[in-house]
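Colleague: Please find one structure pasted underneath; my questions will follow.
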Amino acid sequence: MTQYADEKSLVRDMRTALELLKTLPGEYVETRVEVDPHAELSGVYRYVGAGGTCQRPTRKNGPAMVFHNLKGFKDISVAIGLNGSRKRVSHFLNCPPEKLGFLLKDSVKNAIPPVEIAASEAVCQQVVHLADDPNFDLRTLLPAPTNTEEDAGPYITMGLCYASDPQTRESDITIHRLCVQSRDELSMWLTPGRHIDAFRMKAEAAGQPLPISISIGVDPAIEIAACFEPPTTPLGFNELSIAGALRGHPVEMVKCKTIDEKAIAHAEIVIEGELLPNVRVREDQNTHTGRAMPEFPGYTGEAKEALPVIKVKAVTHRRNPVWRTTLGPGEEHVNMAGIPTEASILDMVERAMPGKLLNVFAHSAGGGKLLAVMQFKKSSPVDEGRQRQAALLAFSAFSELKNVILVDEDVDIFDSDDVLWAMQTRYQGDVDTVFIPGVRCHPLDPSQMPEYSPSILQQGMSCKTIFDCTVPFHLKSHFERSKFKAVDVKRFLTDFE
Ligand SMILES: [Mn+2]
C-alpha cells in the first residue's frame, strides 16, 4: 500500500487527477496540434490508449491524453482516458489494482452523503452562459466529439447526470448517452430500469419536466462510483455517497443557476436542463445515419426512434475548462463499469459464503459488464458445487453479467493467458458448462437478439453461461502446477521488478 500512501489527498477534481498523472511515467500525453472533434479526436485515441473492446489495432494500457487545440473552439481542452488503465485507477483511489473491487465494496458500506456549498465557492460556476441568450449554441460552445463518421451527432459520453425523485427528493447519479440535437437540446438514452428514468416517468405522469444537471470533468472517484447499479445501489441510493467514502469526505454540490437541482461543484463544465414531459426525438434526426455511437461491447449502437429530450437552460464552467470524453469501447469503460461490478459480486458472494471467493475480475473482453472471472477456493469436499452457487449469485449481483469463468486459487484472474490455461486443462465442455437460457441481460450485445437463438424472445435477453474451470475437489492431486524453486532474482538481475 505504501507506494500509494502519499497520493490520497492529491486528487480532488479532474485537474488534480491530471496533475498526478503527469508525475507518473508513461501515464499521460498531450498535444497542441489542431484536432477535429468530428471523428478525428476519437480516431487518434483509438491508437493511443483505448484498449478493451476497441477495434484493432489499439493499445492496452496506453496513456491518458489531453488535446489542447480543438478545431472550431477556443480556450477549452479535451481530456480522455483517465480511467483507461487499472493502474491509473489504483493511483487515483490509492489502492493496489487487484484490491479495487474490495475497496469499492467497503465504500458502499461506509457511504458519506454529499453536502451543499455556497455558489461563491463553486468553481463550476465561474463562467455562466444562459440559453435564453440568442448567441447561445451548445454546438459552438462545447467540443462534444462525434466519435465516428457514422455517429448520429456529437455525444456527451462522460456526463454525470444528476436528478431527484419528484416526490421523495432522493437523488441518483448515472452516466448516460447524450446526443447534441440543436442549439439547446440533448437527446437522452436511458437503458430500461435506470433510476433517473424512474424519476423521469414519475414527473412525466404528473405532466412536469424533470430538472437534471450534467456535470462533466470531475474527480475520477465520482466517475467510477456513478457506475454502480442495483441491487447494490437500489432506487434512492445516491451513488455520490460512495465517492464520498472513497475520499473520506463528502462530494460538494452547488445549487444550479436555472433549475431546482444541484451539480458537482468542482466540475469543469455543468449543463443545466429539464427532461421535457411527452417530448421525443429521433436520435439521428440531424444525420439520418441510423447509427448512434460506439458502445462498450465494441459495436456502434443503433439510433433510437424516440428518445426523451433535455431542454438546456444554461451551461456553467470553470475558467479555461477541460471537456471530458471517452470512447465507448475501451479499457476506460472496463474500469468504470467493471470495478463496481466486481464490488457487487464480492459483496453478494461474501455474504452467502464468507471466505470462499478470493477475487473477481470484470474482464476487459466484456467491457466490464458481460464477463466475470471468479477465483474460488475449495477447501473441503463440501465446497464442491459451491463455486457454481457463487456464479449464480454473481448473476444476481449484477443483472447485465452474461458469462462467468470459474477458476481455482492458483490462477491469476487478471492474466487472460492463465485463465485460458485453466480452461484448456481444467475444463471439459460437456460436464463443466452450465446454461441458463432466456434471462434478461444487455441489449447492446448484438448476439442478444431473437434472430440469434430461439431461447431469446426479445432483444436484450441472453443465455447466461457458467464455464466451470475449477478442478473437481476429489481430483485435486492430479492438478498441481509444476513447482519451480523460489529464488531471489535480484541477486542475478539487480534491476529486476
Ligand atoms: Mn442508481
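Every chain in the C-alpha cells takes a letter, A first, then B, and so on in the order presented; its residues are numbered from 1, and the ligands are numbered from 1 following the presented order.
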Quick one: DSSP strand (DSSP E) residues in segment 146-325 of chain A, as an MDAnalysis selection string?

Modeller: chainID A and resid 155:156 159:164 171:175 177:182 185:189 210:216 252:255 262:264 269:281 291:294 300:302 307:317 322:325

Colleague: Chain A near ligand 1 within 8 Å: what's each residue's closest atom pair and its distance in Å to one decimal, counting only C-alpha atoms and all ligand atoms, ordered by chain then ascending residue number, as a tab-separated table?

Modeller:
residue	atom	partner	partner_atom_place_in_ligand_line	distance
A:Asp172	CA	ligand 1	1 (Mn)	5.1
A:Ile173	CA	ligand 1	1 (Mn)	6.3
A:Thr174	CA	ligand 1	1 (Mn)	6.7
A:Arg194	CA	ligand 1	1 (Mn)	6.9
A:His195	CA	ligand 1	1 (Mn)	5.2
A:Ile196	CA	ligand 1	1 (Mn)	7.5
A:Ala226	CA	ligand 1	1 (Mn)	7.7
A:Phe228	CA	ligand 1	1 (Mn)	6.7
A:Glu229	CA	ligand 1	1 (Mn)	5.5
A:Pro230	CA	ligand 1	1 (Mn)	6.6
A:Thr233	CA	ligand 1	1 (Mn)	5.6
A:Pro234	CA	ligand 1	1 (Mn)	6.1
A:Leu235	CA	ligand 1	1 (Mn)	5.6
A:Gly236	CA	ligand 1	1 (Mn)	6.9
A:Phe237	CA	ligand 1	1 (Mn)	6.0
A:Asn238	CA	ligand 1	1 (Mn)	6.5
A:Glu239	CA	ligand 1	1 (Mn)	6.4

Colleague: List the spatial neighbours of Tyr28 of chain A as number ranges by chain - criterion: any atom at most 12 Å away, only C-alpha atoms, same-chain residues fewer than 6 positions off excluded.

Modeller: A: 17-22, 48-49, 61-67, 79-85, 88

Colleague: Could you state the separation of atom CA of Arg386 of chain A and atom CA of Ala343 of chain A in Å, given to one decimal place?

Modeller: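 Straight-line distance from atom CA of Arg386 of chain A to atom CA of Ala343 of chain A works out to 19.4 Å.
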
Colleague: Give me, as CSV, each residue of segment 297-412 of chain A that comes within 9 Å of segment 134-146 of chain A, together with its shortest interatomic pair and the distance in Å at one decimal, counting only C-alpha atoms, with rows ordered by chain and rising residue number.

Modeller:
residue,atom,partner,partner_atom,distance
A:Val312,CA,A:Leu138,CA,8.8
A:Ala314,CA,A:Phe136,CA,8.8
A:Val315,CA,A:Leu138,CA,8.4
A:Trp323,CA,A:Pro143,CA,7.2
A:Arg324,CA,A:Ala144,CA,8.7
A:Thr325,CA,A:Pro145,CA,7.7

Colleague: Can you tell me, as a list of chain:residue names, which residues in segment 409-471 of chain A count as alpha helix (DSSP H) by DSSP?

Modeller: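 Matching residues, listed in order: A:Ser416, A:Asp417, A:Asp418, A:Val419, A:Leu420, A:Trp421, A:Ala422, A:Met423, A:Gln424, A:Thr425, A:Gly429, A:Asp430, A:Val431, A:Asp432.
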
Colleague: For the selection just defined, write its residues with C-alpha atoms to a file, as a PDB file, in the first residue's frame.

Modeller:
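Just written: out.pdb:
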ATOM      1  CA  SER A 416      -6.009 -13.925 -19.603  1.00  0.00           C
ATOM      2  CA  ASP A 417      -3.405 -16.482 -20.668  1.00  0.00           C
ATOM      3  CA  ASP A 418      -3.633 -18.075 -17.250  1.00  0.00           C
ATOM      4  CA  VAL A 419      -7.454 -18.053 -17.290  1.00  0.00           C
ATOM      5  CA  LEU A 420      -7.485 -19.683 -20.736  1.00  0.00           C
ATOM      6  CA  TRP A 421      -4.901 -22.181 -19.486  1.00  0.00           C
ATOM      7  CA  ALA A 422      -7.365 -23.199 -16.782  1.00  0.00           C
ATOM      8  CA  MET A 423      -9.983 -23.604 -19.499  1.00  0.00           C
ATOM      9  CA  GLN A 424      -7.663 -25.847 -21.523  1.00  0.00           C
ATOM     10  CA  THR A 425      -6.604 -28.142 -18.694  1.00  0.00           C
ATOM     11  CA  GLY A 429     -17.222 -28.756 -22.124  1.00  0.00           C
ATOM     12  CA  ASP A 430     -19.943 -31.372 -21.668  1.00  0.00           C
ATOM     13  CA  VAL A 431     -19.804 -31.500 -17.869  1.00  0.00           C
ATOM     14  CA  ASP A 432     -18.418 -28.072 -16.953  1.00  0.00           C
TER      15      ASP A 432
END

Colleague: Check the smallest atom-to-atom distance from each of A:Tyr427, A:Phe92, A:Phe199, A:Phe361 to Leu401 of chain A using only C-alpha atoms, then report the winner.

Modeller: A:Phe361

Colleague: What does the structure give for the distance between atom CA of Pro97 of chain A and atom CA of Asp408 of chain A, in Å to one decimal?

Modeller: 19.7 Å

Colleague: Do a neighbour search on Lys378 of chain A at 9 Å with only C-alpha atoms, toss out local chain neighbours closer than 5 positions, and write the hits as a PyMOL selection string.

Modeller: chain A and resi 356+383-384+386-387+408-409+470+473

Colleague: Put those residues in a file: N, CA, C and O atoms, as a tab-separated table (two decimals), in the first residue's frame.

Modeller:
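Wrote result24.tsv, looks like this:
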chain	number	residue	atom	x	y	z
A	356	LYS	N	-14.83	-17.78	0.65
A	356	LYS	CA	-14.66	-18.73	-0.47
A	356	LYS	C	-14.24	-18.03	-1.77
A	356	LYS	O	-13.45	-18.57	-2.54
A	383	ASP	N	-17.21	-28.15	-0.33
A	383	ASP	CA	-17.14	-26.92	-1.15
A	383	ASP	C	-17.39	-27.21	-2.63
A	383	ASP	O	-17.62	-26.28	-3.41
A	384	GLU	N	-17.32	-28.49	-3.03
A	384	GLU	CA	-17.60	-28.83	-4.42
A	384	GLU	C	-19.05	-28.43	-4.75
A	384	GLU	O	-19.97	-28.78	-4.03
A	386	ARG	N	-20.14	-25.41	-4.62
A	386	ARG	CA	-20.35	-24.04	-4.12
A	386	ARG	C	-19.82	-23.01	-5.11
A	386	ARG	O	-20.30	-21.88	-5.15
A	387	GLN	N	-18.81	-23.40	-5.91
A	387	GLN	CA	-18.29	-22.45	-6.89
A	387	GLN	C	-19.37	-22.09	-7.91
A	387	GLN	O	-19.48	-20.94	-8.33
A	408	ASP	N	-9.55	-21.73	-10.04
A	408	ASP	CA	-9.07	-22.04	-8.70
A	408	ASP	C	-8.14	-20.95	-8.17
A	408	ASP	O	-7.77	-20.03	-8.89
A	409	GLU	N	-7.71	-21.18	-6.92
A	409	GLU	CA	-6.91	-20.17	-6.20
A	409	GLU	C	-5.51	-19.97	-6.79
A	409	GLU	O	-4.87	-18.97	-6.52
A	470	THR	N	-12.74	-24.93	-12.63
A	470	THR	CA	-12.10	-25.35	-11.38
A	470	THR	C	-11.95	-26.87	-11.41
A	470	THR	O	-12.71	-27.59	-12.04
A	473	PHE	N	-12.97	-31.25	-6.61
A	473	PHE	CA	-12.17	-31.31	-5.38
A	473	PHE	C	-11.49	-32.67	-5.19
A	473	PHE	O	-10.32	-32.74	-4.82
